[in-house]
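To start, the structure itself, in structure tokens.
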Amino acid sequence: MTDLDREYGAVQAGNQEAFSAWVRLVELPLRRSLRPFARVADVESLMQEGLLRMWVLAPRLELKGENASLRYAHRLLRNMAISEARRLCRYEQVADLARAGETDMLADPAGRPDDRLRRIILDCVQRLPERPRQALWARIERGDLTPDRDLAAGLDMRRNTFFQNVARARRLVATCLERNGVSVHEVLR
Amino acid sequence: MTGDRLDPTELLIEAALSPFREQDATGRILPHPAWFDLAPEQRERLFEAQMESRALERLMREDGMSATARMVAARLAGVAQLGG
């Protein structure tokens, strides 16, 4: 039984911690699989909605085979993306999108985060100028439940200034990572 | 981007990069308003930036949770599972 299967088994019994562990494993491969739909659907909202549905549905799902919960979630999210695309696109475009990625291999569940990589990233963040660093941490620590206008106000920034600071922080971190020999590919693994 | 100033597209992308999403009255999670103002090719840029941001968040936090994962975990409290 894989780690993924073990975690989702606990999810089906109502274990919320197991659900968080399961999400950590599946988020990146699921998000990646939605790339063909990026032009017609807000992938972030699809991911959140789809992952919540995997919690709601869990007790009723009968899943067989290795990593079956990941494959089920993949199908669920693709169907949601196609429905969203239908609301926006002409039929023939939706048909093309529905075929897109059908035969793509779904990537394996994400491995454990690399401690060495984490140390390098945190060091790069620590070296940021003060205001970009504050804006970036605000997004990371509270951006899930707090809209940007409130994050900005809490830092005594205008909203566009907040955006500029977050963007600058991300750009500087990327440059720092490159200097430390860390590629985007490594971060996205 | 000119210096540190973002152009209008970059501002929209940065706004839509936020993990925060509103819900409608039925609880459905809604697209970010800025997403609707992006052209299709700009939405692809947003997608790549979202991939990188969520991956970085996951690595920066000791609990390994991206903002998306934390958002979903926080919403569990209000979402019941379907019984067997």
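How things are named: the first chain in the structure tokens is A, the next is B, and so on; residues count from 1 in each chain; ligands count from 1 in the order shown.
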
Q. Would you list which chain B residues are within 7 Å of chain A using only C-alpha atoms, as a PyMOL selection string?
A. chain B and resi 4-6+11+14-15+18-21+29-31+35+40-41+43-44+47+52+55-57+59-60+64-65+67-73+80-84

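Among A:Met1, A:Ile82, A:Leu30, A:Leu88, the residue with the shortest atom-to-atom distance to Asn67 of chain A, counting only C-alpha atoms, is A:Met1.
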
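Ranking A:Ala81, A:Ala169, A:Leu151, A:Leu177 by their shortest atom-to-atom distance to Glu130 of chain A, with only C-alpha atoms included, puts A:Ala169 first.
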
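Separating atom CA of Thr9 of chain B from atom CA of His32 of chain B is a distance of 14.4 Å.
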
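Distances here use only C-alpha atoms; by that measure, the residue among B:Leu12, B:Glu62, B:Leu17, B:Asp7 closest to Glu48 of chain B is B:Leu17.
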
Q | Length of the atom CA of Arg58 of chain B to atom CA of Arg131 of chain A vector [Å] | A | 21.8 Å

(Q) Please compute the atom CA of Ala73 of chain A-atom CA of Arg54 of chain B distance, one decimal, in Å. (A) 18.5 Å

Q: Return as a PyMOL selection string the full set of residues in segment 1-161 of chain A whose backbone-based DSSP assignment is alpha helix (DSSP H).
A: chain A and resi 3-12+16-33+43-57+68-88+91-99+115-126+130-142+148-154+159-161
